[in-house]
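Asks: I'd like to ask you about the structure that follows.
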Amino acid sequence: MKKLSLHTLAVGLLLATSGAALANNKTVVLVHGAFTDGSSWNRVIDNLQRQHTEVIAVQLPLTSLKEDVAATQRAIARAHGDVVLVGHSWGGTVISEAGNDARVKSLVYVAAFAPDSGQSTADLAGSYPAPPGSAGIVKTANGFLYLPGKSVRQDFAPDIKAAEQNTLTATQGPIRADAFGEKVTHAAWHDKPSWYVVSKSDRMINPDLERAMAKKIDAKTTEVAASHVSMVSQPEEIARVIEQAVK
């Protein structure tokens, strides 16, 4: 039997890896929520890339629903192939609007708002008893909302290490308060298959509201024992659900 050179083996592995990436022919576009930025997806990105899945993490301006949708649409436009659109928290409202793009084939909500057509994030949030974390949100003089470090540690991300909590506090994106009152024109989940990951220990969105939204949008639902930032504390589980949507 003829021996293969190291060079030949290396080329073969490279081609196999490239073939796997091309076989998916889909890009996962990750949309962060309020009080975070795109880096909140880092661990999920690592897991997806190990499965040869192409990923783009959007950086939202968090200034309005319209502008956040526009930023997401720019990411969709530069993606290769079909798109699996994933949203966390406020990002769920964004993907409900941006997901109407024809290239978006499925939606994944991660502890996220899933408003209906003509409905706002505030409408949804007010439909259930307020979670404990809502009391810790601070509004600035120019109308933006943010979370102090104490609120991040106690309510937003209590199930991750202190160093990670400090990083989230420092990198968070304050959101314009008025954005929560903006209504979705047409909710994409009416037309696209959807997945939902409920955070059972969420202190920022009522977990019962998450379950109700998942049921309303007829999503394939998974529950995880995690805080609001399940993509940080349970990245393998979140990546697994996203891969289901990819396949």
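Each chain of the structure tokens is named A, B, ... in the order shown, its residues numbered from 1; ligands are numbered from 1 in display order.
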Would you pick out the contacts of stretch 172-189 of chain A at 8 Å or less, using only C-alpha atoms, so that residues sharing its chain but fewer than 5 positions from it are not included, and give the list as JSON, numbers by chain?
Replies: {"A": [34, 35, 36, 37, 61, 62, 63, 64, 65, 93, 95, 96, 97, 98, 99, 100, 107, 115, 116, 117, 118, 119, 120, 121, 122, 123, 139, 143, 144, 145, 146, 194, 217]}
Asks: Write out as a list in words which residues come within 10 Å of A:Arg203 when counting only C-alpha atoms, dropping same-chain ones fewer than 2 positions away.
Replies: Ala130, Pro131, Pro132, Gly133, Ser134, Gln154, Asp155, Phe156, Ala157, Pro158, Ser199, Lys200, Ser201, Ile205, Asn206, Pro207, Ala226, Ser227 and His228 of chain A
Asks: Could you write out, as number ranges by chain, all the residues of stretch 12-150 of chain A that DSSP marks as helix (DSSP H, G or I)?
Replies: A: 12-24, 38-50, 65-78, 90-98, 121-125, 132-136, 149-150
Asks: Tell me which of A:Tyr196, A:His80, A:Gln234, A:Leu60 sits closest to A:Ala112, counting only C-alpha atoms.
Replies: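 So, comparing all the options, the nearest one is A:Tyr196.
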Asks: List as an NGL selection string the protein and nucleic acid residues near A:Ser106, meaning an atom at most 10 Å away when only C-alpha atoms are counted, but skip any in the same chain fewer than 5 places from it.
Replies: :A and (28 or 82-86 or 99 or 188-189 or 191-195 or 242 or 245-246)
Asks: Can you spit out the residues from that selection as a short mmCIF file (atom, residue, chain, number, x, y, z; two decimals), in the first residue's frame, using N, CA and C atoms?
Replies:
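For reference, result.cif as written:
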data_model
loop_
_atom_site.label_atom_id
_atom_site.label_comp_id
_atom_site.auth_asym_id
_atom_site.auth_seq_id
_atom_site.Cartn_x
_atom_site.Cartn_y
_atom_site.Cartn_z
N VAL A 28 -24.98 31.72 10.15
CA VAL A 28 -25.70 32.08 11.37
C VAL A 28 -25.40 33.54 11.68
N ASP A 82 -28.03 30.80 2.68
CA ASP A 82 -29.20 31.09 3.50
C ASP A 82 -28.77 31.50 4.90
N VAL A 83 -29.68 32.13 5.63
CA VAL A 83 -29.35 32.68 6.94
C VAL A 83 -30.25 32.09 8.03
N VAL A 84 -29.61 31.70 9.14
CA VAL A 84 -30.32 31.39 10.38
C VAL A 84 -30.11 32.59 11.29
N LEU A 85 -31.20 33.26 11.64
CA LEU A 85 -31.13 34.51 12.39
C LEU A 85 -31.44 34.24 13.85
N VAL A 86 -30.51 34.64 14.73
CA VAL A 86 -30.61 34.32 16.16
C VAL A 86 -30.65 35.62 16.95
N GLY A 99 -36.12 39.45 10.17
CA GLY A 99 -36.27 38.10 9.65
C GLY A 99 -37.18 37.98 8.44
N ALA A 188 -41.81 38.10 11.57
CA ALA A 188 -41.31 37.08 10.64
C ALA A 188 -41.63 35.66 11.09
N TRP A 189 -41.84 35.47 12.39
CA TRP A 189 -42.10 34.11 12.87
C TRP A 189 -43.42 33.54 12.35
N ASP A 191 -44.04 33.33 9.34
CA ASP A 191 -43.70 32.71 8.05
C ASP A 191 -42.46 31.83 8.07
N LYS A 192 -41.70 31.86 9.17
CA LYS A 192 -40.44 31.12 9.24
C LYS A 192 -40.46 30.14 10.43
N PRO A 193 -39.88 28.94 10.27
CA PRO A 193 -39.78 28.02 11.41
C PRO A 193 -38.92 28.63 12.51
N SER A 194 -39.33 28.40 13.75
CA SER A 194 -38.67 29.06 14.87
C SER A 194 -38.29 28.08 15.97
N TRP A 195 -37.22 28.44 16.66
CA TRP A 195 -36.75 27.73 17.84
C TRP A 195 -36.72 28.73 19.01
N ILE A 242 -29.00 26.07 17.92
CA ILE A 242 -28.78 26.79 16.66
C ILE A 242 -28.42 25.82 15.54
N ALA A 245 -31.38 24.36 13.95
CA ALA A 245 -31.99 25.26 12.97
C ALA A 245 -31.19 25.28 11.67
N VAL A 246 -29.88 25.18 11.78
CA VAL A 246 -29.03 25.15 10.59
C VAL A 246 -29.32 23.92 9.74
#
Asks: Find the residue from A:Val58, A:Ile137, A:Ala75, A:Leu48 that sits nearest to A:Gly33; use only C-alpha atoms when measuring.
Replies: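 Using only C-alpha atoms, the shortest distance to A:Gly33 belongs to A:Val58.
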Asks: So which bits of stretch 24-163 of chain A end up strand (DSSP E) when you DSSP the backbone, as a PyMOL selection string?
Replies: chain A and resi 26-31+54-57+82-88+104-110+138-139+144-146
Asks: Write to file, as a compact mmCIF listing (two decimals), in the first residue's frame, the residues of the selection just made, with N, CA and C atoms.
Replies:
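Generated output (again.txt):
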# COMPACT_ATOMS: atom_id res chain seq x y z
N LYS A 26 -24.97 27.82 4.79
CA LYS A 26 -25.78 28.70 5.60
C LYS A 26 -24.88 29.51 6.51
N THR A 27 -25.35 30.70 6.85
CA THR A 27 -24.64 31.56 7.79
C THR A 27 -25.54 31.84 8.97
N VAL A 28 -24.98 31.72 10.15
CA VAL A 28 -25.70 32.08 11.37
C VAL A 28 -25.40 33.54 11.68
N VAL A 29 -26.43 34.36 11.78
CA VAL A 29 -26.28 35.77 12.14
C VAL A 29 -26.81 35.95 13.56
N LEU A 30 -25.93 36.38 14.45
CA LEU A 30 -26.24 36.49 15.88
C LEU A 30 -26.52 37.94 16.25
N VAL A 31 -27.65 38.18 16.88
CA VAL A 31 -28.07 39.53 17.25
C VAL A 31 -28.16 39.63 18.77
N GLU A 54 -20.45 29.03 9.35
CA GLU A 54 -20.07 30.43 9.22
C GLU A 54 -20.94 31.29 10.13
N VAL A 55 -20.34 32.27 10.79
CA VAL A 55 -21.05 33.08 11.78
C VAL A 55 -20.72 34.56 11.58
N ILE A 56 -21.73 35.39 11.75
CA ILE A 56 -21.56 36.84 11.82
C ILE A 56 -22.26 37.33 13.08
N ALA A 57 -21.57 38.08 13.92
CA ALA A 57 -22.17 38.70 15.09
C ALA A 57 -22.41 40.17 14.81
N ASP A 82 -28.03 30.80 2.68
CA ASP A 82 -29.20 31.09 3.50
C ASP A 82 -28.77 31.50 4.90
N VAL A 83 -29.68 32.13 5.63
CA VAL A 83 -29.35 32.68 6.94
C VAL A 83 -30.25 32.09 8.03
N VAL A 84 -29.61 31.70 9.14
CA VAL A 84 -30.32 31.39 10.38
C VAL A 84 -30.11 32.59 11.29
N LEU A 85 -31.20 33.26 11.64
CA LEU A 85 -31.13 34.51 12.39
C LEU A 85 -31.44 34.24 13.85
N VAL A 86 -30.51 34.64 14.73
CA VAL A 86 -30.61 34.32 16.16
C VAL A 86 -30.65 35.62 16.95
N GLY A 87 -31.57 35.73 17.90
CA GLY A 87 -31.66 36.93 18.71
C GLY A 87 -31.75 36.63 20.19
N HIS A 88 -31.03 37.42 20.99
CA HIS A 88 -31.11 37.32 22.44
C HIS A 88 -31.83 38.54 22.99
N VAL A 104 -33.49 34.77 4.98
CA VAL A 104 -33.61 34.20 6.32
C VAL A 104 -34.57 33.02 6.26
N LYS A 105 -34.05 31.84 6.63
CA LYS A 105 -34.85 30.61 6.52
C LYS A 105 -35.40 30.13 7.86
N SER A 106 -34.78 30.57 8.97
CA SER A 106 -35.28 30.16 10.29
C SER A 106 -34.84 31.16 11.33
N LEU A 107 -35.54 31.15 12.47
CA LEU A 107 -35.30 32.08 13.56
C LEU A 107 -35.05 31.32 14.85
N VAL A 108 -34.11 31.83 15.65
CA VAL A 108 -33.84 31.23 16.96
C VAL A 108 -33.90 32.33 18.01
N TYR A 109 -34.77 32.16 18.98
CA TYR A 109 -34.94 33.12 20.06
C TYR A 109 -34.29 32.57 21.33
N VAL A 110 -33.38 33.33 21.91
CA VAL A 110 -32.66 32.90 23.12
C VAL A 110 -33.04 33.85 24.25
N VAL A 138 -31.16 51.44 35.13
CA VAL A 138 -30.99 52.88 35.38
C VAL A 138 -31.15 53.64 34.06
N LYS A 139 -31.84 54.78 34.12
CA LYS A 139 -32.03 55.63 32.94
C LYS A 139 -31.16 56.88 33.05
N PHE A 144 -31.14 56.93 27.85
CA PHE A 144 -30.62 55.59 27.61
C PHE A 144 -30.66 54.77 28.90
N LEU A 145 -30.85 53.46 28.74
CA LEU A 145 -30.93 52.55 29.88
C LEU A 145 -29.66 51.71 29.97
N TYR A 146 -29.20 51.47 31.22
CA TYR A 146 -28.04 50.60 31.42
C TYR A 146 -28.17 49.89 32.75
Asks: Considering only C-alpha atoms, can you say which of A:Leu147, A:Ala225, A:Ile76, A:Ala70 comes closest to A:Glu237?
Replies: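 Closest residue, counting only C-alpha atoms: A:Ala225.
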Asks: Quick one: everything within 9 Å of A:Arg153, counting only C-alpha atoms, minus sequence neighbours fewer than 3 positions away in the same chain. Send it as a PyMOL selection string.
Replies: chain A and resi 148-150+156-160+162+165-166+169
Asks: Can you tell me how far atom CA of A:Asp208 sits from atom CA of A:Pro129, in Å to one decimal?
Replies: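 Distance reported for this atom pair: 9.4 Å.
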Asks: Name the residues in contact with A:Arg43 at a cut-off of 12 Å, using only C-alpha atoms, excluding same-chain residues fewer than 5 positions from it; report them as a ChimeraX atom specification.
Replies: /A:38,48-50,57,164,229-239
